[in-house]
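Below: one structure, written as structure tokens.
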Amino acid sequence: MTGFAARIRRATMVEHREAETRTFITRLASGTVPIAGFAQLTAQYLHIYRVLEQAAERWRDDDVAGPFADPALARVPALEADLAQLYGPGWESEIAQLDATRRYTDHLREHCSTSRPHFIAHHYVRYLGDLSGGQMIGRTLSGVYGLEQAGTMFYRFEAIPDARAYKTGYRERLDALPFSEAELETAVAEAQLAFRLNGGIFHEMGLIFPEDRTPAAA
């Protein structure tokens, strides 16, 4: 594999691994983070996806970025439903941004509505990740916190019945990008940054919810 999809995947392997192995995430998957921590992480995702999906609307009719801005990927409605389940009525007042989340959303807001390489890079990191490891994470968290579908809709793509085929098509779109070498380099750098920004959220969450040996589902 020599296309851009393979290139950006290789270039982000270190950042991807570091983000996935953050202590907070491993503890979340094992159930040693209270459900309040899961709820707060879900809230941070809503802030991120609101900005990213606003940018997607900006690019919807663009010949290059438009094919990535697929409504079938939209996560905001699912996240809002999850937060209503996790927090109950008045959930909007409970979802303040962490400092790390604000850095992330400020960066998205500054760049993703005006730059195709920035938008596609951040879109790639979030949505292709959601369609890949995110599916397994969702099943794990559903079992750990006893939520079944309620509270974990974010991890379910009901408008995409065949995730594997969709990811194949997504990578083909990456390979077909008519970007200059400078634009491709920008996209790679932004994808690396996206993983680091996401890792920053996990780090801050770990400070708010330090290690607790008591299982969250107990």
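Residues in the structure tokens are numbered from 1 in each chain, the chains being A, B, ... in the order shown, and ligands are numbered from 1 in the order shown.
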
For A:Thr114: contacts at 12 Å, only C-alpha atoms, fewer than 4 positions along chain excluded, given as number ranges by chain: A: 54-59, 62, 65, 107-110, 118-120

For A:Leu28: contacts at 12 Å, only C-alpha atoms, fewer than 3 positions along chain excluded, given as a PyMOL selection string: chain A and resi 20-25+31-41+137-138+140-145+202+205-206+209-217

Selection export as a CSV table (one decimal), in the first residue's frame, atoms kept: C-alpha atoms:
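Below is the file that was written, part10.csv:
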```csv
chain,number,residue,atom,x,y,z
A,20,GLU,CA,-4.9,4.7,23.1
A,21,THR,CA,-2.7,3.6,26.0
A,22,ARG,CA,-3.3,6.6,28.2
A,23,THR,CA,-4.0,5.3,31.7
A,24,PHE,CA,-7.4,6.9,31.9
A,25,ILE,CA,-8.6,5.0,28.8
A,31,GLY,CA,-14.4,-0.3,34.8
A,32,THR,CA,-12.2,1.5,37.4
A,33,VAL,CA,-13.4,4.9,36.4
A,34,PRO,CA,-16.7,6.0,37.9
A,35,ILE,CA,-19.6,6.4,35.5
A,36,ALA,CA,-19.3,10.2,36.1
A,37,GLY,CA,-16.0,10.0,34.3
A,38,PHE,CA,-17.5,8.2,31.3
A,39,ALA,CA,-20.3,10.8,31.2
A,40,GLN,CA,-17.8,13.7,31.3
A,41,LEU,CA,-15.7,12.2,28.5
A,137,ILE,CA,-14.7,0.3,22.8
A,138,GLY,CA,-18.4,0.9,22.7
A,140,THR,CA,-16.7,-2.9,26.2
A,141,LEU,CA,-18.1,0.3,27.8
A,142,SER,CA,-21.7,-0.9,27.3
A,143,GLY,CA,-20.9,-4.0,29.3
A,144,VAL,CA,-18.8,-2.3,32.0
A,145,TYR,CA,-21.3,0.3,32.8
A,202,PHE,CA,-7.4,11.8,28.4
A,205,MET,CA,-9.6,13.4,32.6
A,206,GLY,CA,-7.1,11.2,34.5
A,209,PHE,CA,-10.7,11.0,38.0
A,210,PRO,CA,-7.5,9.5,39.6
A,211,GLU,CA,-7.0,5.8,39.9
A,212,ASP,CA,-9.6,4.0,42.0
A,213,ARG,CA,-9.4,0.3,42.6
A,214,THR,CA,-13.1,0.0,43.2
A,215,PRO,CA,-14.9,-1.3,40.0
A,216,ALA,CA,-17.3,1.4,38.6
A,217,ALA,CA,-20.0,-1.1,38.0
```

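Residue nearest A:Glu94, chosen from A:Ala191, A:Ala43, A:Ala29, A:Ala5 and counting only C-alpha atoms: A:Ala43.
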
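In this model, the gap between atom CA of A:Asp70 and atom CA of A:Met153 comes to 18.0 Å.
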
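Within 9 Å of stretch 2-4 of chain A, once only C-alpha atoms are used and residues closer than 3 positions along the same chain are dropped, the contacting residues are A:Arg7, A:Ile8, A:Arg9, A:Arg171, A:Glu172, A:Leu174, A:Asp175, A:Ala176, A:Leu177, A:Leu184.
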
Selection file, C-alpha atoms, as a compact mmCIF listing (two decimals), in the first residue's frame:
```txt
# COMPACT_ATOMS: atom_id res chain seq x y z
CA ARG A 7 0.97 7.20 4.44
CA ILE A 8 -1.17 9.03 6.98
CA ARG A 9 -1.80 5.83 8.90
CA ARG A 171 -9.43 5.25 2.24
CA GLU A 172 -9.99 5.31 -1.51
CA LEU A 174 -7.98 9.73 0.75
CA ASP A 175 -5.87 8.17 -1.98
CA ALA A 176 -7.68 10.20 -4.64
CA LEU A 177 -7.14 13.60 -3.00
CA LEU A 184 -0.47 16.35 2.04
```

DSSP alpha helix (DSSP H) residues within stretch 27-187 of chain A, listed as a PyMOL selection string: chain A and resi 27-30+35-59+76-87+99-111+116-123+129-131+133-145+163-175+181-187

Selection near A:Val125, 9 Å with only C-alpha atoms, sequence-local residues under 2 positions removed, as a count of residues only: 12

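Across the model, the gap from atom CA of A:Leu79 to atom CA of A:Thr152 is 8.1 Å.
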
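Nearest to A:Tyr124 of all the residues A:Leu73, A:Tyr45, A:Glu18, A:Gly88 is A:Leu73, counting only C-alpha atoms.
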
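Distances here use only C-alpha atoms; by that measure, the residue among A:Lys167, A:Arg116, A:Arg75, A:Arg27 closest to A:Ile48 is A:Arg75.
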
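Atom CA of A:Glu204 to atom CA of A:Thr42 spans 13.9 Å [interatomic distance, one decimal].
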